[in-house]
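Participant: Take a look at coords.cif, mmCIF, C-alpha atoms and all ligand atoms; chains and numbers go by the auth columns:
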```
data_entry
#
loop_
_atom_site.group_PDB
_atom_site.id
_atom_site.type_symbol
_atom_site.label_atom_id
_atom_site.label_comp_id
_atom_site.label_asym_id
_atom_site.label_seq_id
_atom_site.Cartn_x
_atom_site.Cartn_y
_atom_site.Cartn_z
_atom_site.B_iso_or_equiv
_atom_site.auth_seq_id
_atom_site.auth_asym_id
ATOM 1 C CA MET A 1 127.277 121.399 101.816 0.00 1 T
ATOM 2 C CA PRO A 2 128.616 118.494 103.885 0.00 2 T
ATOM 3 C CA GLU A 3 130.123 115.661 101.935 0.00 3 T
ATOM 4 C CA GLY A 4 130.117 111.927 102.357 0.00 4 T
ATOM 5 C CA ARG A 5 127.569 110.142 104.422 0.00 5 T
ATOM 6 C CA TYR A 6 124.223 110.291 102.708 0.00 6 T
ATOM 7 C CA TRP A 7 124.296 114.032 102.252 0.00 7 T
ATOM 8 C CA GLN A 8 124.158 113.491 98.558 0.00 8 T
ATOM 9 C CA GLN A 9 120.666 114.712 98.512 0.00 9 T
ATOM 10 C CA VAL A 10 118.047 115.832 96.102 0.00 10 T
ATOM 11 C CA ASN A 11 115.900 118.517 97.680 0.00 11 T
ATOM 12 C CA ASN A 12 116.866 117.411 101.185 0.00 12 T
ATOM 13 C CA ILE A 13 115.820 113.805 100.615 0.00 13 T
ATOM 14 C CA PRO A 14 118.695 111.303 100.796 0.00 14 T
ATOM 15 C CA VAL A 15 119.181 109.658 97.413 0.00 15 T
ATOM 16 C CA ASN A 16 120.054 106.323 98.979 0.00 16 T
ATOM 17 C CA ILE A 17 116.364 105.743 99.674 0.00 17 T
ATOM 18 C CA LYS A 18 115.363 103.406 96.874 0.00 18 T
ATOM 19 C CA ARG A 19 112.112 101.992 95.613 0.00 19 T
ATOM 20 C CA GLU A 20 112.666 98.744 97.512 0.00 20 T
ATOM 21 C CA HIS A 21 112.904 100.609 100.836 0.00 21 T
ATOM 22 C CA MET A 22 109.690 102.462 100.118 0.00 22 T
ATOM 23 C CA LEU A 23 107.976 99.214 99.135 0.00 23 T
ATOM 24 C CA LYS A 24 108.953 97.769 102.481 0.00 24 T
ATOM 25 C CA VAL A 25 107.252 100.645 104.310 0.00 25 T
ATOM 26 C CA ILE A 26 104.205 100.338 102.055 0.00 26 T
ATOM 27 C CA ALA A 27 103.967 96.616 102.792 0.00 27 T
ATOM 28 C CA GLN A 28 104.134 97.327 106.530 0.00 28 T
ATOM 29 C CA ILE A 29 101.302 99.845 106.284 0.00 29 T
ATOM 30 C CA ALA A 30 99.267 97.515 104.066 0.00 30 T
ATOM 31 C CA SER A 31 99.598 94.697 106.584 0.00 31 T
ATOM 32 C CA ASP A 32 98.804 97.030 109.515 0.00 32 T
ATOM 33 C CA SER A 33 102.132 96.314 111.163 0.00 33 T
ATOM 34 C CA LEU A 34 102.861 100.023 110.761 0.00 34 T
ATOM 35 C CA VAL A 35 100.097 102.492 111.537 0.00 35 T
ATOM 36 C CA VAL A 36 100.093 105.931 109.944 0.00 36 T
ATOM 37 C CA PRO A 37 99.643 108.486 112.742 0.00 37 T
ATOM 38 C CA PRO A 38 96.664 110.826 112.199 0.00 38 T
ATOM 39 C CA ARG A 39 98.882 113.856 111.644 0.00 39 T
ATOM 40 C CA GLU A 40 100.801 112.008 108.928 0.00 40 T
ATOM 41 C CA ARG A 41 97.830 110.983 106.814 0.00 41 T
ATOM 42 C CA SER A 42 97.324 112.293 103.312 0.00 42 T
ATOM 43 C CA THR A 43 95.384 115.479 102.996 0.00 43 T
ATOM 44 C CA ARG A 44 96.390 116.442 99.474 0.00 44 T
ATOM 45 C CA TYR A 45 98.950 114.149 97.868 0.00 45 T
ATOM 46 C CA CYS A 46 98.642 110.389 97.747 0.00 46 T
ATOM 47 C CA LEU A 47 101.115 107.765 96.692 0.00 47 T
ATOM 48 C CA VAL A 48 99.010 105.158 94.901 0.00 48 T
ATOM 49 C CA HIS A 49 100.205 101.572 95.002 0.00 49 T
ATOM 50 C CA GLU A 50 98.055 98.586 94.090 0.00 50 T
ATOM 51 C CA GLU A 51 94.948 100.755 94.343 0.00 51 T
ATOM 52 C CA ARG A 52 95.630 101.806 97.893 0.00 52 T
ATOM 53 C CA HIS A 53 96.620 105.322 98.916 0.00 53 T
ATOM 54 C CA TYR A 54 99.598 106.151 101.125 0.00 54 T
ATOM 55 C CA PRO A 55 100.977 109.437 102.472 0.00 55 T
ATOM 56 C CA PRO A 56 104.135 110.111 100.423 0.00 56 T
ATOM 57 C CA LYS A 57 105.960 112.043 103.144 0.00 57 T
ATOM 58 C CA PHE A 58 105.365 109.387 105.766 0.00 58 T
ATOM 59 C CA VAL A 59 106.544 106.630 103.434 0.00 59 T
ATOM 60 C CA VAL A 60 109.737 108.544 102.644 0.00 60 T
ATOM 61 C CA ARG A 61 110.311 109.403 106.307 0.00 61 T
ATOM 62 C CA MET A 62 109.923 105.812 107.469 0.00 62 T
ATOM 63 C CA ALA A 63 112.102 104.554 104.620 0.00 63 T
ATOM 64 C CA ASN A 64 114.790 106.934 105.812 0.00 64 T
ATOM 65 C CA VAL A 65 114.551 105.548 109.342 0.00 65 T
ATOM 66 C CA ASP A 66 115.152 102.129 107.832 0.00 66 T
ATOM 67 C CA VAL A 67 118.016 103.175 105.564 0.00 67 T
ATOM 68 C CA ASN A 68 119.735 105.967 107.470 0.00 68 T
ATOM 69 C CA GLY A 69 118.551 105.427 111.007 0.00 69 T
ATOM 70 C CA GLU A 70 116.832 108.743 111.566 0.00 70 T
ATOM 71 C CA GLU A 71 113.645 110.568 110.873 0.00 71 T
ATOM 72 C CA LEU A 72 113.666 113.403 108.422 0.00 72 T
ATOM 73 C CA TRP A 73 111.870 116.601 109.193 0.00 73 T
ATOM 74 C CA THR A 74 113.681 118.935 106.868 0.00 74 T
ATOM 75 C CA PHE A 75 111.784 118.192 103.733 0.00 75 T
ATOM 76 C CA HIS A 76 108.373 119.282 102.700 0.00 76 T
ATOM 77 C CA GLY A 77 105.478 117.532 101.093 0.00 77 T
ATOM 78 C CA GLY A 78 104.266 118.433 97.674 0.00 78 T
ATOM 79 C CA GLY A 79 106.593 118.936 94.759 0.00 79 T
ATOM 80 C CA GLU A 80 109.884 117.630 96.036 0.00 80 T
ATOM 81 C CA THR A 81 108.437 114.526 97.636 0.00 81 T
ATOM 82 C CA ASP A 82 106.314 113.806 94.586 0.00 82 T
ATOM 83 C CA THR A 83 109.260 114.107 92.245 0.00 83 T
ATOM 84 C CA PHE A 84 111.302 111.884 94.511 0.00 84 T
ATOM 85 C CA CYS A 85 108.568 109.217 94.516 0.00 85 T
ATOM 86 C CA GLU A 86 107.959 109.443 90.795 0.00 86 T
ATOM 87 C CA LYS A 87 111.660 108.961 90.085 0.00 87 T
ATOM 88 C CA ARG A 88 111.257 105.681 91.950 0.00 88 T
ATOM 89 C CA GLN A 89 108.378 104.684 89.707 0.00 89 T
ATOM 90 C CA PHE A 90 105.608 105.432 92.140 0.00 90 T
ATOM 91 C CA LYS A 91 102.431 107.151 91.096 0.00 91 T
ATOM 92 C CA VAL A 92 101.554 110.262 93.088 0.00 92 T
ATOM 93 C CA MET A 93 98.248 112.021 92.651 0.00 93 T
ATOM 94 C CA VAL A 94 96.535 115.078 94.061 0.00 94 T
ATOM 95 C CA HIS A 95 93.603 113.724 95.936 0.00 95 T
ATOM 96 C CA GLY A 96 92.474 115.639 98.998 0.00 96 T
ATOM 97 C CA GLY A 97 89.408 114.980 101.060 0.00 97 T
ATOM 98 C CA ALA A 98 89.477 113.666 104.601 0.00 98 T
ATOM 99 C CA PRO A 99 92.926 112.582 105.828 0.00 99 T
ATOM 100 C CA HIS A 100 93.538 109.011 104.817 0.00 100 T
HETATM 101 ZN ZN ZN B . 94.159 109.490 98.416 0.00 201 T
#
```
As structure tokens, please, write out the structure in this file.
Facilitator:
Amino acid sequence: MPEGRYWQQVNNIPVNIKREHMLKVIAQIASDSLVVPPRERSTRYCLVHEERHYPPKFVVRMANVDVNGEELWTFHGGGETDTFCEKRQFKVMVHGGAPH
């Protein structure tokens, strides 16, 4: 396992992504200054913030672009992303339905 840098990771997600970075991405989506691409929309898991639903993986990926300057493709949705979000005091729920 490489050391230094941000490779102090939990389940492939850099731990230096904090709640504030995720809130920034959420605010951008909420204000339509950042559009969630169709393939990134929630199909199963939703991060719920102020009664609006967001795709957890996309939020984490965009937060990583902000914090570490690159997109992350090596992590998976579901359990690890949910745990990561919940540790940052976000509510994640299984929702499903049409991508949103
Ligand atoms: Zn939802």
Participant: For T:Gly97, please output as a PDB file with C-alpha atoms, in the coordinates of the input all residues within 9 Å (counting all atoms listed in the file; exclusion window: fewer than 3 positions along the same chain).
Facilitator:
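Dumped everything to around11.pdb:
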```
ATOM      1  CA  SER T  42      97.324 112.293 103.312  1.00  0.00           C
ATOM      2  CA  THR T  43      95.384 115.479 102.996  1.00  0.00           C
ATOM      3  CA  ARG T  44      96.390 116.442  99.474  1.00  0.00           C
ATOM      4  CA  HIS T 100      93.538 109.011 104.817  1.00  0.00           C
TER       5      HIS T 100
END
```
Participant: For ligand ZN 201 (chain T), return the neighbouring residues as a list in words (distance at most 10 Å; only C-alpha atoms and all ligand atoms).
Facilitator: Arg41, Ser42, Thr43, Arg44, Tyr45, Cys46, Leu47, Val48, Glu51, Arg52, His53, Tyr54, Pro55, Val92, Met93, Val94, His95, Gly96, Gly97, Ala98, Pro99 and His100 of chain T
Participant: Using all atoms listed in the file, which protein or nucleic acid residues come within 12 Å of T:Leu23? Drop anything in the same chain fewer than 4 positions from it, and give the result as a list of chain:residue names.
Facilitator: T:Ile17, T:Lys18, T:Arg19, T:Ala27, T:Gln28, T:Ile29, T:Ala30, T:Leu47, T:Val48, T:His49, T:Glu50, T:Tyr54, T:Pro56, T:Val59, T:Val60, T:Met62, T:Ala63, T:Asp66, T:Cys85, T:Arg88, T:Gln89, T:Phe90
Participant: Going by the chain IDs and residue numbers used in this file, which residues fall under the PyMOL selection byres (((chain T and resi 71) around 12) and not hetatm)? Write them as a list in words.
Facilitator: Ile13, Pro14, Lys57, Phe58, Val59, Val60, Arg61, Met62, Ala63, Asn64, Val65, Asp66, Val67, Asn68, Gly69, Glu70, Leu72, Trp73, Thr74 and Phe75 of chain T
Participant: Enter the distance from atom CA of T:Ser31 to atom CA of T:Thr83, in Å, rounded to one decimal.
Facilitator: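 Value for the atom CA of T:Ser31-atom CA of T:Thr83 distance: 26.0 Å.
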